Amino acid sequence: RRVVSHREKELEKKNEQLTEEHQQLTHQLDSLRHQLQEKARHLQQLESAKANAAAAAAAMEAEVQKYAELIDRESAKLSESQAECETLRGTVAELQRAAELALATDPSASVSSLMDLPAKEPTTTNFFTAIKLERDPTAPPEAKEYMPRKPQHMALSADQLMRQRQWDEPQKWTLTIQEWDDVLNCCQDQPAYALFKTHGKKYVNMYDLNQEYVKKWTKGEGCGV
């Protein structure tokens, strides 16, 4: 009995030790699980931050591309304006030479000689300059007049044949789809259209095109576009 009792006590002691070790291992296992969960959560946050950074980089790249395209368009417009200035300089030089020649040949015919020169598209006030001068009471009326640039293939002025055809055969006074597309593109490339799109109501309708473009193009001509 004493031997059995002693063995039982040893078994109970070992059982207590095993139980204590089991509890310690369970505690360590729980701690490791918690650490793994924290690391998984941290990894998920890193993945989310990486995705956000990639999206931000893509958006920034698209924005840079948009500004690059805008710069290219503005550079093309600047080149076009410079070419127009050179053309105007050449025209002015031709007019001066013609006037000098007319005066040298016959001073009394100087006016008629100048009147016989081919008509050129009138110089117009800048759109933003015209807006600023609208509030200036000292500015002359012609300085407040803004003439938008006409489409490439539009006539500079209407002649009697055009007016007569519009009245006699209105079904023939129209535009092809390509010509109408050229008119819209010409309007969209000018400051007035951009101003309407970015300020106020932020859209452009046919009333605006008629008021800001068609009326100015056809004023005093006696016929439409």
# chains A, B, ... in the order shown; residues from 1 in each chain; ligands from 1

$ residues_around --residues "Asn210 (chain A)" --least-positions-apart "3" --cutoff "12 Å" --atoms "only C-alpha atoms" --output "ChimeraX atom specification"
/A:148,183-184,187,193,204-207,213-219,224-225

$ atom_distance --atom1 "CA of Thr176 (chain A)" --atom2 "CA of Met154 (chain A)"
12.7 Å

$ atom_distance --atom1 "CA of Cys223 (chain A)" --atom2 "CA of Arg163 (chain A)"
5.6 Å

$ closest_residue --among "A:Glu63, A:Asp168, A:Glu212, A:Glu21" --to "Met147 (chain A)" --atoms "only C-alpha atoms"
A:Glu212

$ atom_distance --atom1 "CA of Gln211 (chain A)" --atom2 "CA of Ala158 (chain A)"
19.2 Å

$ residues_around --residues "Asp189 (chain A)" --least-positions-apart "2" --cutoff "12 Å" --atoms "only C-alpha atoms" --output "JSON, numbers by chain"
{"A": [70, 73, 74, 76, 77, 148, 149, 150, 151, 182, 183, 184, 185, 186, 187, 191, 192, 193, 194, 195, 197]}
